[in-house]
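Below is one structure, written out as structure tokens; comments come after it.
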Amino acid sequence: MSDTSEHPRNSSDLSLAQRLEAPNTRLIDASIATINDMKTLRACIAYENQHQQRVPNLRQLEKRASELRSQDDD
């Protein structure tokens with residue numbers, strides 16, 4: 001993660017690397033939980049598949065996708 005003096009104002013300002021390359025799993029979990037649209041979610045899945053392919057991250061992304069789909073059904 002690059003060192004910068006500016007912090008994102010909200011979760012949509014986070015880059016894919018910032019979301020998925022955080023220094024600990026709690027931050028990764030929190031960044032995944034704040035994904036509010038399928039476009040960002042799909043981009044995160046693609047990023048993870050291209051890079052680390054970490055099963056826990058992919059499971060969290062899959063869980064978040066299910067949550068977003070159920071919200072759309074409401």
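Going through the structure tokens in order, the chains are called A, B, and so on, while each chain numbers its residues from 1 and the ligands are numbered from 1 in the order shown.
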
Inset, instruction - Pick out each residue of chain A that DSSP on the backbone tags as helix (DSSP H, G or I); I need them as a ChimeraX atom specification. - result: /A:11-13,16-20,25-33,38-50,55-73

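Residues surrounding Glu21 of chain A within 10 Å are A:Met1, A:Ser15, A:Leu16, A:Ala17, A:Thr25, A:Leu27, A:Ile28, A:Glu48, A:Gln52 [only C-alpha atoms; sequence separation below 4 positions excluded].
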
Legend entry - atom CA of Gln50 of chain A to atom CA of Ser70 of chain A, distance in Å rounded to a single decimal: 27.1 Å

Legend entry - Test item: residues at most 12 Å from Lys39 of chain A, only C-alpha atoms, excluding those fewer than 4 positions along its chain, as a PyMOL selection string: chain A and resi 12+16+35+43-46+65+68

Just to be explicit: take each residue in the selection above, keep N, CA and C atoms, and write the result as a PDB file, in the first residue's frame.
ATOM      1  N   SER A  12     -15.827   3.873  -1.337  1.00  0.00           N
ATOM      2  CA  SER A  12     -15.785   3.810  -2.795  1.00  0.00           C
ATOM      3  C   SER A  12     -14.517   4.448  -3.349  1.00  0.00           C
ATOM      4  N   LEU A  16      -8.558  -1.125  -5.460  1.00  0.00           N
ATOM      5  CA  LEU A  16      -8.669  -2.566  -5.234  1.00  0.00           C
ATOM      6  C   LEU A  16      -7.529  -3.049  -4.344  1.00  0.00           C
ATOM      7  N   ILE A  35     -18.453  -2.789   0.541  1.00  0.00           N
ATOM      8  CA  ILE A  35     -18.754  -2.785  -0.895  1.00  0.00           C
ATOM      9  C   ILE A  35     -20.267  -2.749  -1.056  1.00  0.00           C
ATOM     10  N   ALA A  43     -14.978  -6.324  -9.622  1.00  0.00           N
ATOM     11  CA  ALA A  43     -13.604  -5.849  -9.814  1.00  0.00           C
ATOM     12  C   ALA A  43     -12.685  -6.424  -8.741  1.00  0.00           C
ATOM     13  N   CYS A  44     -13.166  -6.494  -7.515  1.00  0.00           N
ATOM     14  CA  CYS A  44     -12.371  -7.076  -6.426  1.00  0.00           C
ATOM     15  C   CYS A  44     -12.116  -8.559  -6.660  1.00  0.00           C
ATOM     16  N   ILE A  45     -13.128  -9.270  -7.120  1.00  0.00           N
ATOM     17  CA  ILE A  45     -12.956 -10.697  -7.403  1.00  0.00           C
ATOM     18  C   ILE A  45     -11.936 -10.888  -8.516  1.00  0.00           C
ATOM     19  N   ALA A  46     -12.030 -10.090  -9.560  1.00  0.00           N
ATOM     20  CA  ALA A  46     -11.070 -10.184 -10.665  1.00  0.00           C
ATOM     21  C   ALA A  46      -9.659  -9.868 -10.185  1.00  0.00           C
ATOM     22  N   ALA A  65     -21.370 -10.830  -2.071  1.00  0.00           N
ATOM     23  CA  ALA A  65     -22.191 -10.889  -3.280  1.00  0.00           C
ATOM     24  C   ALA A  65     -23.587 -11.408  -2.955  1.00  0.00           C
ATOM     25  N   LEU A  68     -25.525  -8.659  -1.262  1.00  0.00           N
ATOM     26  CA  LEU A  68     -25.970  -7.628  -2.198  1.00  0.00           C
ATOM     27  C   LEU A  68     -27.142  -8.126  -3.052  1.00  0.00           C
TER      28      LEU A  68
END

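Atom pair atom CA of Leu61 of chain A / atom CA of Ile32 of chain A has a distance of 6.6 Å (rounded to one decimal).
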
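In this model, the gap between atom CA of Gln60 of chain A and atom CA of Asn24 of chain A comes to 14.2 Å.
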